[in-house]
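Pasting final_7.pdb here (PDB, C-alpha atoms and all ligand atoms):
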ATOM      1  CA  MET A   1      13.265 -30.844   4.825  1.00  0.00           C
ATOM      2  CA  SER A   2      12.602 -30.019   1.222  1.00  0.00           C
ATOM      3  CA  ILE A   3      11.392 -26.646   0.053  1.00  0.00           C
ATOM      4  CA  ALA A   4       8.033 -28.201  -0.821  1.00  0.00           C
ATOM      5  CA  GLU A   5       7.715 -29.629   2.693  1.00  0.00           C
ATOM      6  CA  ASN A   6       8.639 -26.307   4.236  1.00  0.00           C
ATOM      7  CA  ILE A   7       6.021 -24.553   2.147  1.00  0.00           C
ATOM      8  CA  ALA A   8       3.385 -27.126   3.097  1.00  0.00           C
ATOM      9  CA  ARG A   9       4.103 -26.510   6.792  1.00  0.00           C
ATOM     10  CA  ILE A  10       3.971 -22.763   6.369  1.00  0.00           C
ATOM     11  CA  GLU A  11       0.712 -23.150   4.472  1.00  0.00           C
ATOM     12  CA  GLU A  12      -0.797 -25.006   7.427  1.00  0.00           C
ATOM     13  CA  ARG A  13       0.377 -22.291   9.794  1.00  0.00           C
ATOM     14  CA  ILE A  14      -1.063 -19.571   7.555  1.00  0.00           C
ATOM     15  CA  GLN A  15      -4.413 -21.357   7.503  1.00  0.00           C
ATOM     16  CA  LYS A  16      -4.369 -21.669  11.268  1.00  0.00           C
ATOM     17  CA  ALA A  17      -3.619 -17.960  11.660  1.00  0.00           C
ATOM     18  CA  CYS A  18      -6.497 -17.199   9.278  1.00  0.00           C
ATOM     19  CA  ALA A  19      -8.843 -19.392  11.306  1.00  0.00           C
ATOM     20  CA  VAL A  20      -7.798 -17.758  14.569  1.00  0.00           C
ATOM     21  CA  SER A  21      -8.380 -14.265  13.219  1.00  0.00           C
ATOM     22  CA  GLY A  22     -11.414 -14.901  11.010  1.00  0.00           C
ATOM     23  CA  ARG A  23      -9.608 -14.100   7.789  1.00  0.00           C
ATOM     24  CA  LYS A  24      -9.857 -15.699   4.373  1.00  0.00           C
ATOM     25  CA  ARG A  25      -6.835 -17.529   3.040  1.00  0.00           C
ATOM     26  CA  ASP A  26      -7.317 -16.038  -0.405  1.00  0.00           C
ATOM     27  CA  GLU A  27      -6.709 -12.510   0.919  1.00  0.00           C
ATOM     28  CA  ILE A  28      -3.105 -13.508   1.523  1.00  0.00           C
ATOM     29  CA  THR A  29      -0.256 -14.070  -0.915  1.00  0.00           C
ATOM     30  CA  LEU A  30       2.782 -15.947   0.357  1.00  0.00           C
ATOM     31  CA  MET A  31       5.979 -14.372  -0.924  1.00  0.00           C
ATOM     32  CA  GLY A  32       9.141 -16.474  -1.143  1.00  0.00           C
ATOM     33  CA  VAL A  33      12.185 -14.351  -0.325  1.00  0.00           C
ATOM     34  CA  THR A  34      14.966 -15.796  -2.466  1.00  0.00           C
ATOM     35  CA  LYS A  35      17.911 -13.561  -1.579  1.00  0.00           C
ATOM     36  CA  PHE A  36      21.100 -15.614  -1.115  1.00  0.00           C
ATOM     37  CA  HIS A  37      19.389 -18.591  -2.770  1.00  0.00           C
ATOM     38  CA  SER A  38      19.952 -20.038  -6.213  1.00  0.00           C
ATOM     39  CA  GLY A  39      17.767 -20.048  -9.286  1.00  0.00           C
ATOM     40  CA  GLU A  40      17.188 -23.797  -8.803  1.00  0.00           C
ATOM     41  CA  LYS A  41      15.646 -23.089  -5.424  1.00  0.00           C
ATOM     42  CA  VAL A  42      13.442 -20.440  -6.995  1.00  0.00           C
ATOM     43  CA  LEU A  43      12.194 -23.105  -9.416  1.00  0.00           C
ATOM     44  CA  GLU A  44      11.590 -25.578  -6.595  1.00  0.00           C
ATOM     45  CA  ALA A  45       9.470 -23.009  -4.801  1.00  0.00           C
ATOM     46  CA  TRP A  46       7.629 -22.244  -8.023  1.00  0.00           C
ATOM     47  CA  GLN A  47       6.842 -25.926  -8.458  1.00  0.00           C
ATOM     48  CA  ALA A  48       5.514 -25.984  -4.903  1.00  0.00           C
ATOM     49  CA  GLY A  49       3.103 -23.176  -5.731  1.00  0.00           C
ATOM     50  CA  ILE A  50       4.894 -19.915  -4.892  1.00  0.00           C
ATOM     51  CA  ARG A  51       3.976 -17.188  -7.387  1.00  0.00           C
ATOM     52  CA  CYS A  52       5.475 -14.125  -5.759  1.00  0.00           C
ATOM     53  CA  PHE A  53       9.202 -13.718  -5.118  1.00  0.00           C
ATOM     54  CA  GLY A  54      11.147 -11.103  -3.183  1.00  0.00           C
ATOM     55  CA  GLU A  55      14.744 -10.016  -3.591  1.00  0.00           C
ATOM     56  CA  ASN A  56      16.513  -7.298  -1.650  1.00  0.00           C
ATOM     57  CA  ARG A  57      19.259  -6.359  -4.105  1.00  0.00           C
ATOM     58  CA  VAL A  58      18.848  -5.185  -7.676  1.00  0.00           C
ATOM     59  CA  GLN A  59      22.061  -6.763  -8.950  1.00  0.00           C
ATOM     60  CA  GLU A  60      21.474 -10.173  -7.406  1.00  0.00           C
ATOM     61  CA  ALA A  61      17.895 -10.244  -8.656  1.00  0.00           C
ATOM     62  CA  ALA A  62      18.903  -9.220 -12.183  1.00  0.00           C
ATOM     63  CA  GLU A  63      21.487 -11.998 -12.423  1.00  0.00           C
ATOM     64  CA  LYS A  64      19.320 -14.685 -10.863  1.00  0.00           C
ATOM     65  CA  PHE A  65      16.096 -13.982 -12.711  1.00  0.00           C
ATOM     66  CA  ALA A  66      17.605 -13.147 -16.118  1.00  0.00           C
ATOM     67  CA  GLY A  67      17.261 -16.676 -17.476  1.00  0.00           C
ATOM     68  CA  LEU A  68      14.411 -17.585 -15.180  1.00  0.00           C
ATOM     69  CA  ARG A  69      11.519 -15.306 -15.993  1.00  0.00           C
ATOM     70  CA  GLU A  70      10.192 -17.312 -18.943  1.00  0.00           C
ATOM     71  CA  ARG A  71      10.193 -20.425 -16.779  1.00  0.00           C
ATOM     72  CA  LEU A  72       7.982 -18.678 -14.233  1.00  0.00           C
ATOM     73  CA  PRO A  73       4.986 -17.518 -16.273  1.00  0.00           C
ATOM     74  CA  GLY A  74       2.763 -15.175 -14.323  1.00  0.00           C
ATOM     75  CA  ALA A  75       5.165 -14.914 -11.384  1.00  0.00           C
ATOM     76  CA  GLU A  76       5.807 -11.572  -9.718  1.00  0.00           C
ATOM     77  CA  LEU A  77       9.176 -10.336  -8.572  1.00  0.00           C
ATOM     78  CA  HIS A  78       9.237  -7.626  -5.899  1.00  0.00           C
ATOM     79  CA  LEU A  79      12.094  -5.513  -4.614  1.00  0.00           C
ATOM     80  CA  ILE A  80      12.030  -5.540  -0.806  1.00  0.00           C
ATOM     81  CA  GLY A  81      15.469  -4.091  -0.013  1.00  0.00           C
ATOM     82  CA  SER A  82      16.513  -0.466  -0.042  1.00  0.00           C
ATOM     83  CA  LEU A  83      17.014   1.083  -3.448  1.00  0.00           C
ATOM     84  CA  GLN A  84      19.652   3.592  -4.499  1.00  0.00           C
ATOM     85  CA  ARG A  85      18.494   6.250  -6.862  1.00  0.00           C
ATOM     86  CA  ASN A  86      21.032   5.314  -9.534  1.00  0.00           C
ATOM     87  CA  LYS A  87      19.510   1.816  -9.699  1.00  0.00           C
ATOM     88  CA  ALA A  88      15.941   3.045 -10.078  1.00  0.00           C
ATOM     89  CA  LYS A  89      15.972   2.616 -13.846  1.00  0.00           C
ATOM     90  CA  VAL A  90      17.057  -1.018 -13.721  1.00  0.00           C
ATOM     91  CA  ALA A  91      14.659  -1.651 -10.851  1.00  0.00           C
ATOM     92  CA  SER A  92      11.711  -0.196 -12.748  1.00  0.00           C
ATOM     93  CA  GLU A  93      12.454  -2.526 -15.654  1.00  0.00           C
ATOM     94  CA  LEU A  94      13.104  -5.645 -13.594  1.00  0.00           C
ATOM     95  CA  PHE A  95      10.546  -5.637 -10.804  1.00  0.00           C
ATOM     96  CA  ASP A  96       6.776  -6.015 -10.788  1.00  0.00           C
ATOM     97  CA  CYS A  97       6.614  -3.989  -7.594  1.00  0.00           C
ATOM     98  CA  VAL A  98       9.030  -1.872  -5.562  1.00  0.00           C
ATOM     99  CA  GLN A  99       8.023  -2.331  -1.930  1.00  0.00           C
ATOM    100  CA  SER A 100      10.832  -0.343  -0.357  1.00  0.00           C
ATOM    101  CA  VAL A 101       9.926   3.205  -1.368  1.00  0.00           C
ATOM    102  CA  ASP A 102      11.132   5.166   1.631  1.00  0.00           C
ATOM    103  CA  ARG A 103      11.955   8.767   0.664  1.00  0.00           C
ATOM    104  CA  PRO A 104      10.740  11.592  -1.598  1.00  0.00           C
ATOM    105  CA  SER A 105      13.849  11.648  -3.813  1.00  0.00           C
ATOM    106  CA  LEU A 106      13.256   8.006  -4.692  1.00  0.00           C
ATOM    107  CA  ILE A 107       9.617   8.719  -5.581  1.00  0.00           C
ATOM    108  CA  LEU A 108      10.765  11.421  -7.992  1.00  0.00           C
ATOM    109  CA  GLU A 109      13.296   9.151  -9.641  1.00  0.00           C
ATOM    110  CA  LEU A 110      10.974   6.135  -9.816  1.00  0.00           C
ATOM    111  CA  GLY A 111       8.188   8.354 -11.128  1.00  0.00           C
ATOM    112  CA  LYS A 112      10.380   9.393 -14.041  1.00  0.00           C
ATOM    113  CA  ARG A 113      11.544   5.845 -14.730  1.00  0.00           C
ATOM    114  CA  ALA A 114       8.051   4.455 -14.415  1.00  0.00           C
ATOM    115  CA  ALA A 115       6.905   6.912 -17.093  1.00  0.00           C
ATOM    116  CA  GLU A 116       9.524   5.467 -19.458  1.00  0.00           C
ATOM    117  CA  ARG A 117       8.436   1.970 -18.547  1.00  0.00           C
ATOM    118  CA  LEU A 118       4.814   2.887 -19.203  1.00  0.00           C
ATOM    119  CA  ALA A 119       5.721   4.307 -22.604  1.00  0.00           C
ATOM    120  CA  GLU A 120       7.744   1.247 -23.587  1.00  0.00           C
ATOM    121  CA  ARG A 121       5.804  -1.610 -22.092  1.00  0.00           C
ATOM    122  CA  GLU A 122       2.438  -0.071 -21.289  1.00  0.00           C
ATOM    123  CA  ARG A 123       2.835  -1.128 -17.701  1.00  0.00           C
ATOM    124  CA  PRO A 124       2.726   1.244 -14.764  1.00  0.00           C
ATOM    125  CA  LEU A 125       4.968   0.458 -11.809  1.00  0.00           C
ATOM    126  CA  PRO A 126       3.279  -0.734  -8.613  1.00  0.00           C
ATOM    127  CA  VAL A 127       4.932   0.555  -5.435  1.00  0.00           C
ATOM    128  CA  LEU A 128       4.487   0.255  -1.682  1.00  0.00           C
ATOM    129  CA  PHE A 129       5.613   2.790   0.891  1.00  0.00           C
ATOM    130  CA  GLU A 130       7.811   1.442   3.640  1.00  0.00           C
ATOM    131  CA  LEU A 131       6.985   2.651   7.137  1.00  0.00           C
ATOM    132  CA  HIS A 132       9.429   2.502  10.000  1.00  0.00           C
ATOM    133  CA  THR A 133       7.647   0.727  12.858  1.00  0.00           C
ATOM    134  CA  GLY A 134      10.502  -0.063  15.213  1.00  0.00           C
ATOM    135  CA  GLU A 135      12.984  -2.135  13.255  1.00  0.00           C
ATOM    136  CA  GLU A 136      16.600  -1.500  14.235  1.00  0.00           C
ATOM    137  CA  SER A 137      17.955  -0.120  10.963  1.00  0.00           C
ATOM    138  CA  LYS A 138      15.351   2.672  10.927  1.00  0.00           C
ATOM    139  CA  ARG A 139      14.446   2.059   7.325  1.00  0.00           C
ATOM    140  CA  GLY A 140      11.282   3.620   5.989  1.00  0.00           C
ATOM    141  CA  PHE A 141       9.198   6.748   6.378  1.00  0.00           C
ATOM    142  CA  ALA A 142       9.087   8.007   9.951  1.00  0.00           C
ATOM    143  CA  GLY A 143       5.329   8.417  10.359  1.00  0.00           C
ATOM    144  CA  ILE A 144       1.955   9.401   8.976  1.00  0.00           C
ATOM    145  CA  ASP A 145       2.917  12.971   8.062  1.00  0.00           C
ATOM    146  CA  GLU A 146       5.803  11.736   5.938  1.00  0.00           C
ATOM    147  CA  LEU A 147       3.554   9.115   4.349  1.00  0.00           C
ATOM    148  CA  CYS A 148       0.939  11.714   3.426  1.00  0.00           C
ATOM    149  CA  LYS A 149       3.569  13.901   1.786  1.00  0.00           C
ATOM    150  CA  ALA A 150       4.874  10.859  -0.058  1.00  0.00           C
ATOM    151  CA  ALA A 151       1.348  10.037  -1.225  1.00  0.00           C
ATOM    152  CA  GLU A 152       0.808  13.547  -2.563  1.00  0.00           C
ATOM    153  CA  LEU A 153       4.051  13.296  -4.461  1.00  0.00           C
ATOM    154  CA  ALA A 154       3.554   9.783  -5.830  1.00  0.00           C
ATOM    155  CA  LEU A 155      -0.063  10.304  -6.854  1.00  0.00           C
ATOM    156  CA  ALA A 156       1.101  13.067  -9.200  1.00  0.00           C
ATOM    157  CA  PHE A 157       2.911  10.415 -11.258  1.00  0.00           C
ATOM    158  CA  PRO A 158       0.344   8.433 -13.262  1.00  0.00           C
ATOM    159  CA  ALA A 159       2.972   5.815 -14.087  1.00  0.00           C
ATOM    160  CA  LEU A 160       3.318   4.903 -10.400  1.00  0.00           C
ATOM    161  CA  ARG A 161       0.587   2.770  -8.881  1.00  0.00           C
ATOM    162  CA  VAL A 162       0.592   3.001  -5.112  1.00  0.00           C
ATOM    163  CA  ARG A 163      -0.723  -0.281  -3.779  1.00  0.00           C
ATOM    164  CA  GLY A 164      -0.150  -0.169  -0.046  1.00  0.00           C
ATOM    165  CA  LEU A 165       2.422  -0.315   2.704  1.00  0.00           C
ATOM    166  CA  MET A 166       5.246  -2.488   3.924  1.00  0.00           C
ATOM    167  CA  THR A 167       7.175  -2.719   7.165  1.00  0.00           C
ATOM    168  CA  MET A 168       9.774  -4.754   8.991  1.00  0.00           C
ATOM    169  CA  ALA A 169       9.029  -5.419  12.632  1.00  0.00           C
ATOM    170  CA  PRO A 170      11.840  -5.266  15.190  1.00  0.00           C
ATOM    171  CA  ASN A 171      13.851  -8.438  15.500  1.00  0.00           C
ATOM    172  CA  THR A 172      12.377  -9.640  18.780  1.00  0.00           C
ATOM    173  CA  GLY A 173      10.431 -12.498  20.297  1.00  0.00           C
ATOM    174  CA  ASP A 174       8.329 -10.024  22.263  1.00  0.00           C
ATOM    175  CA  GLU A 175       4.849 -10.541  20.882  1.00  0.00           C
ATOM    176  CA  SER A 176       3.494  -7.240  22.164  1.00  0.00           C
ATOM    177  CA  LEU A 177       6.226  -5.320  20.344  1.00  0.00           C
ATOM    178  CA  LEU A 178       5.549  -7.235  17.139  1.00  0.00           C
ATOM    179  CA  ARG A 179       1.816  -6.597  17.350  1.00  0.00           C
ATOM    180  CA  ALA A 180       2.404  -2.917  18.075  1.00  0.00           C
ATOM    181  CA  SER A 181       4.589  -2.686  14.985  1.00  0.00           C
ATOM    182  CA  PHE A 182       2.049  -4.353  12.692  1.00  0.00           C
ATOM    183  CA  ARG A 183      -0.781  -2.288  14.157  1.00  0.00           C
ATOM    184  CA  GLN A 184       1.089   0.885  13.284  1.00  0.00           C
ATOM    185  CA  LEU A 185       1.047  -0.201   9.651  1.00  0.00           C
ATOM    186  CA  VAL A 186      -2.687  -0.963   9.752  1.00  0.00           C
ATOM    187  CA  LYS A 187      -3.373   2.380  11.376  1.00  0.00           C
ATOM    188  CA  ALA A 188      -1.359   4.192   8.716  1.00  0.00           C
ATOM    189  CA  GLN A 189      -3.314   2.319   6.036  1.00  0.00           C
ATOM    190  CA  GLN A 190      -6.624   3.456   7.556  1.00  0.00           C
ATOM    191  CA  GLU A 191      -5.457   7.053   7.714  1.00  0.00           C
ATOM    192  CA  LEU A 192      -4.170   7.022   4.115  1.00  0.00           C
ATOM    193  CA  ARG A 193      -7.433   5.468   2.917  1.00  0.00           C
ATOM    194  CA  ARG A 194      -9.297   8.310   4.568  1.00  0.00           C
ATOM    195  CA  ARG A 195      -7.056  11.065   3.234  1.00  0.00           C
ATOM    196  CA  PHE A 196      -6.467   9.575  -0.224  1.00  0.00           C
ATOM    197  CA  PRO A 197      -9.488   7.406  -1.034  1.00  0.00           C
ATOM    198  CA  PRO A 198      -8.791   4.543  -3.438  1.00  0.00           C
ATOM    199  CA  GLN A 199      -9.590   5.309  -7.058  1.00  0.00           C
ATOM    200  CA  ALA A 200     -12.297   3.334  -8.795  1.00  0.00           C
ATOM    201  CA  ASP A 201     -10.271   3.189 -12.015  1.00  0.00           C
ATOM    202  CA  GLY A 202      -7.387   1.425 -10.295  1.00  0.00           C
ATOM    203  CA  GLY A 203      -5.048   4.415 -10.187  1.00  0.00           C
ATOM    204  CA  TRP A 204      -4.082   3.707  -6.620  1.00  0.00           C
ATOM    205  CA  ASP A 205      -5.311   1.937  -3.517  1.00  0.00           C
ATOM    206  CA  TRP A 206      -3.924   0.995  -0.122  1.00  0.00           C
ATOM    207  CA  SER A 207      -4.964  -2.653  -0.078  1.00  0.00           C
ATOM    208  CA  CYS A 208      -1.574  -4.328   0.260  1.00  0.00           C
ATOM    209  CA  LEU A 209      -0.023  -4.752   3.708  1.00  0.00           C
ATOM    210  CA  SER A 210       3.359  -6.390   3.286  1.00  0.00           C
ATOM    211  CA  MET A 211       4.344  -7.519   6.764  1.00  0.00           C
ATOM    212  CA  GLY A 212       5.551 -10.632   8.539  1.00  0.00           C
ATOM    213  CA  MET A 213       8.696 -12.720   8.053  1.00  0.00           C
ATOM    214  CA  SER A 214       9.763 -16.239   9.088  1.00  0.00           C
ATOM    215  CA  GLY A 215       9.778 -15.405  12.780  1.00  0.00           C
ATOM    216  CA  ASP A 216       6.544 -13.451  13.015  1.00  0.00           C
ATOM    217  CA  PHE A 217       4.265 -14.162  10.050  1.00  0.00           C
ATOM    218  CA  GLU A 218       1.412 -15.716  12.032  1.00  0.00           C
ATOM    219  CA  ILE A 219       1.151 -12.639  14.223  1.00  0.00           C
ATOM    220  CA  ALA A 220       1.364 -10.446  11.120  1.00  0.00           C
ATOM    221  CA  ILE A 221      -1.498 -12.366   9.498  1.00  0.00           C
ATOM    222  CA  GLU A 222      -3.603 -12.085  12.648  1.00  0.00           C
ATOM    223  CA  GLU A 223      -3.010  -8.336  12.478  1.00  0.00           C
ATOM    224  CA  GLY A 224      -3.989  -8.047   8.808  1.00  0.00           C
ATOM    225  CA  SER A 225      -0.999  -8.867   6.604  1.00  0.00           C
ATOM    226  CA  THR A 226      -1.871  -9.584   2.968  1.00  0.00           C
ATOM    227  CA  LEU A 227       1.685 -10.389   1.892  1.00  0.00           C
ATOM    228  CA  PRO A 228       3.991 -12.145   4.361  1.00  0.00           C
ATOM    229  CA  ARG A 229       7.597 -12.250   3.076  1.00  0.00           C
ATOM    230  CA  ILE A 230       9.229 -15.528   4.018  1.00  0.00           C
ATOM    231  CA  GLY A 231      12.830 -16.514   3.397  1.00  0.00           C
ATOM    232  CA  GLY A 232      14.493 -18.756   5.966  1.00  0.00           C
ATOM    233  CA  ALA A 233      11.440 -20.849   6.816  1.00  0.00           C
ATOM    234  CA  ILE A 234      11.104 -21.823   3.146  1.00  0.00           C
ATOM    235  CA  PHE A 235      14.677 -21.976   1.904  1.00  0.00           C
ATOM    236  CA  GLY A 236      16.624 -22.724   5.044  1.00  0.00           C
ATOM    237  CA  GLU A 237      19.263 -20.539   6.532  1.00  0.00           C
ATOM    238  CA  ARG A 238      21.489 -18.712   4.114  1.00  0.00           C
ATOM    239  CA  LEU A 239      24.614 -20.433   2.874  1.00  0.00           C
TER     240      LEU A 239
HETATM  241  C1  LIG N   1      15.258 -11.219   4.150  1.00  0.00           C
HETATM  242  C2  LIG N   1      14.004 -10.462   4.240  1.00  0.00           C
HETATM  243  C3  LIG N   1      12.788 -11.098   4.549  1.00  0.00           C
HETATM  244  C4  LIG N   1      12.686 -12.575   4.877  1.00  0.00           C
HETATM  245  O1  LIG N   1      13.220 -12.813   6.137  1.00  0.00           O
HETATM  246  P1  LIG N   1      13.219 -14.278   6.806  1.00  0.00           P
HETATM  247  O2  LIG N   1      13.389 -14.010   8.238  1.00  0.00           O
HETATM  248  O3  LIG N   1      14.339 -15.026   6.175  1.00  0.00           O
HETATM  249  O4  LIG N   1      11.895 -14.882   6.502  1.00  0.00           O
HETATM  250  C5  LIG N   1      11.640 -10.330   4.562  1.00  0.00           C
HETATM  251  N1  LIG N   1      11.667  -9.002   4.294  1.00  0.00           N
HETATM  252  C6  LIG N   1      12.806  -8.356   4.000  1.00  0.00           C
HETATM  253  C7  LIG N   1      12.768  -6.903   3.726  1.00  0.00           C
HETATM  254  C8  LIG N   1      14.003  -9.064   3.968  1.00  0.00           C
HETATM  255  O5  LIG N   1      15.141  -8.402   3.684  1.00  0.00           O
END

The structure given in the file should be rewritten as structure tokens.
Ligand SMILES: *Cc1c(COP(=O)(O)O)cnc(C)c1O
Amino acid sequence: MSIAENIARIEERIQKACAVSGRKRDEITLMGVTKFHSGEKVLEAWQAGIRCFGENRVQEAAEKFAGLRERLPGAELHLIGSLQRNKAKVASELFDCVQSVDRPSLILELGKRAAERLAERERPLPVLFELHTGEESKRGFAGIDELCKAAELALAFPALRVRGLMTMAPNTGDESLLRASFRQLVKAQQELRRRFPPQADGGWDWSCLSMGMSGDFEIAIEEGSTLPRIGGAIFGERL
């Protein structure tokens, strides 16, 4: 199967999940997760309509996308893997969104770096907060209290634009566990919206829910995902 064929199949499945849950297709952006895959495959996905790409390592993304960005006009590149503080500067320059913000010290560092980015390129840095909802590695903020503290901290940095939440569900075929995980993210979004209402001038909002991967994206969409992150089902298993 070609990448284009894989994407066409996923597209059908996304539309079915939208129909089942009464959602609109245009609320959802399909991210292609290109970690372990070459720049040529990125281009193939681009040609098949993917406009948002995810990488989980700063170094790999920097090397792969260095000569690629001008061939992908308007594309977004998001960091979805955990970020070390000493790579925050490079990350703030390279990525259009850091989805894996998972601790206060990283908010402080990214806030500083985002201010430099804003001064140089007049672009604030969009970020998502990662919530731990049952995935094995225990990545992400532990719960709503931690998220609220993170919000207070991040909202003090005008160069950071909080856009929503991301999570990884546990690696399981158990549908009830998957739904419970995604529902935790939706519930956290509702609570954050109540406590930190979105700003009319676009300073921050909670609209993005980055959830769902190759094995569970239909369930994630039924539960409200706006940004499923799909690697294997588009690009095949890693080499
Ligand atoms: C690799 C990865 C994905 C994509 O996973 P697949 O199962 O290959 O679709 C999504 N999110 C994160 C954070 C990842 O690291």

Taking only C-alpha atoms into account, produce a table as CSV in which each residue of region 22-138 of chain A with an atom at most 8 Å from an atom of region 154-158 of chain A appears once, together with its shortest atom pair and the distance in Å to one decimal, ordered by chain and rising number.
residue,atom,partner,partner_atom,distance
A:Ile107,CA,A:Ala154,CA,6.2
A:Leu108,CA,A:Ala154,CA,7.7
A:Gly111,CA,A:Phe157,CA,5.7
A:Ala115,CA,A:Pro158,CA,7.7
A:Pro124,CA,A:Pro158,CA,7.7

Within 12 Å of ligand LIG 1 (chain N), counting only C-alpha atoms and all ligand atoms, which protein or nucleic acid residues do you find, written as a count of residues only? 59

With the file shown as input, list the residues that the PyMOL selection byres (((chain A and resi 18-21) around 12) and not hetatm) selects, as a JSON list (two decimals) with C-alpha atoms, keeping the file's coordinate frame.
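So selection_4.json came out as:
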[["chain", "number", "residue", "atom", "x", "y", "z"],
["A", 11, "GLU", "CA", 0.71, -23.15, 4.47],
["A", 12, "GLU", "CA", -0.80, -25.01, 7.43],
["A", 13, "ARG", "CA", 0.38, -22.29, 9.79],
["A", 14, "ILE", "CA", -1.06, -19.57, 7.56],
["A", 15, "GLN", "CA", -4.41, -21.36, 7.50],
["A", 16, "LYS", "CA", -4.37, -21.67, 11.27],
["A", 17, "ALA", "CA", -3.62, -17.96, 11.66],
["A", 22, "GLY", "CA", -11.41, -14.90, 11.01],
["A", 23, "ARG", "CA", -9.61, -14.10, 7.79],
["A", 24, "LYS", "CA", -9.86, -15.70, 4.37],
["A", 25, "ARG", "CA", -6.84, -17.53, 3.04],
["A", 26, "ASP", "CA", -7.32, -16.04, -0.40],
["A", 27, "GLU", "CA", -6.71, -12.51, 0.92],
["A", 28, "ILE", "CA", -3.10, -13.51, 1.52],
["A", 217, "PHE", "CA", 4.26, -14.16, 10.05],
["A", 218, "GLU", "CA", 1.41, -15.72, 12.03],
["A", 219, "ILE", "CA", 1.15, -12.64, 14.22],
["A", 220, "ALA", "CA", 1.36, -10.45, 11.12],
["A", 221, "ILE", "CA", -1.50, -12.37, 9.50],
["A", 222, "GLU", "CA", -3.60, -12.08, 12.65],
["A", 223, "GLU", "CA", -3.01, -8.34, 12.48],
["A", 224, "GLY", "CA", -3.99, -8.05, 8.81],
["A", 225, "SER", "CA", -1.00, -8.87, 6.60],
["A", 226, "THR", "CA", -1.87, -9.58, 2.97]]

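When CA of Ser181 (chain A) is paired with CA of Gly134 (chain A), their separation reads 6.5 Å.
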
Rank A:Gln59, A:Ser176, A:Thr133, A:Ser2 by their smallest atom-to-atom distance to Ala188 (chain A), using only C-alpha atoms, and report the top residue only.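 For Ala188 (chain A), the nearest of the candidates is A:Thr133.
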
Evaluate the PyMOL selection byres (((chain A and resi 74) around 12) and not hetatm) against this structure - the residues, as a VMD selection string, please. chain A and resid 46 49 to 53 68 to 73 75 to 77 96

Residues in the PyMOL selection byres (((chain A and resi 118-122) around 12) and not hetatm), expressed as a list in words: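 Here the PyMOL selection byres (((chain A and resi 118-122) around 12) and not hetatm) matches Ser92, Glu93, Leu94, Leu110, Gly111, Lys112, Arg113, Ala114, Ala115, Glu116, Arg117, Arg123, Pro124, Leu125, Pro126, Phe157, Pro158, Ala159, Leu160 and Arg161 of chain A.
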
Go ahead and compute the interatomic distance for CA of Ala48 (chain A) and CA of Leu209 (chain A), in Å to one decimal. 23.6 Å

Rounded to one decimal in Å, what is the spacing between CA of Glu63 (chain A) and CA of Arg85 (chain A)? 19.3 Å

Expected answer as JSON, numbers by chain: all residues with atoms within 10 Å of (-7.6, -4.1, -2.9), all atoms listed in the file: {"A": [27, 163, 164, 198, 202, 204, 205, 206, 207, 208, 226]}
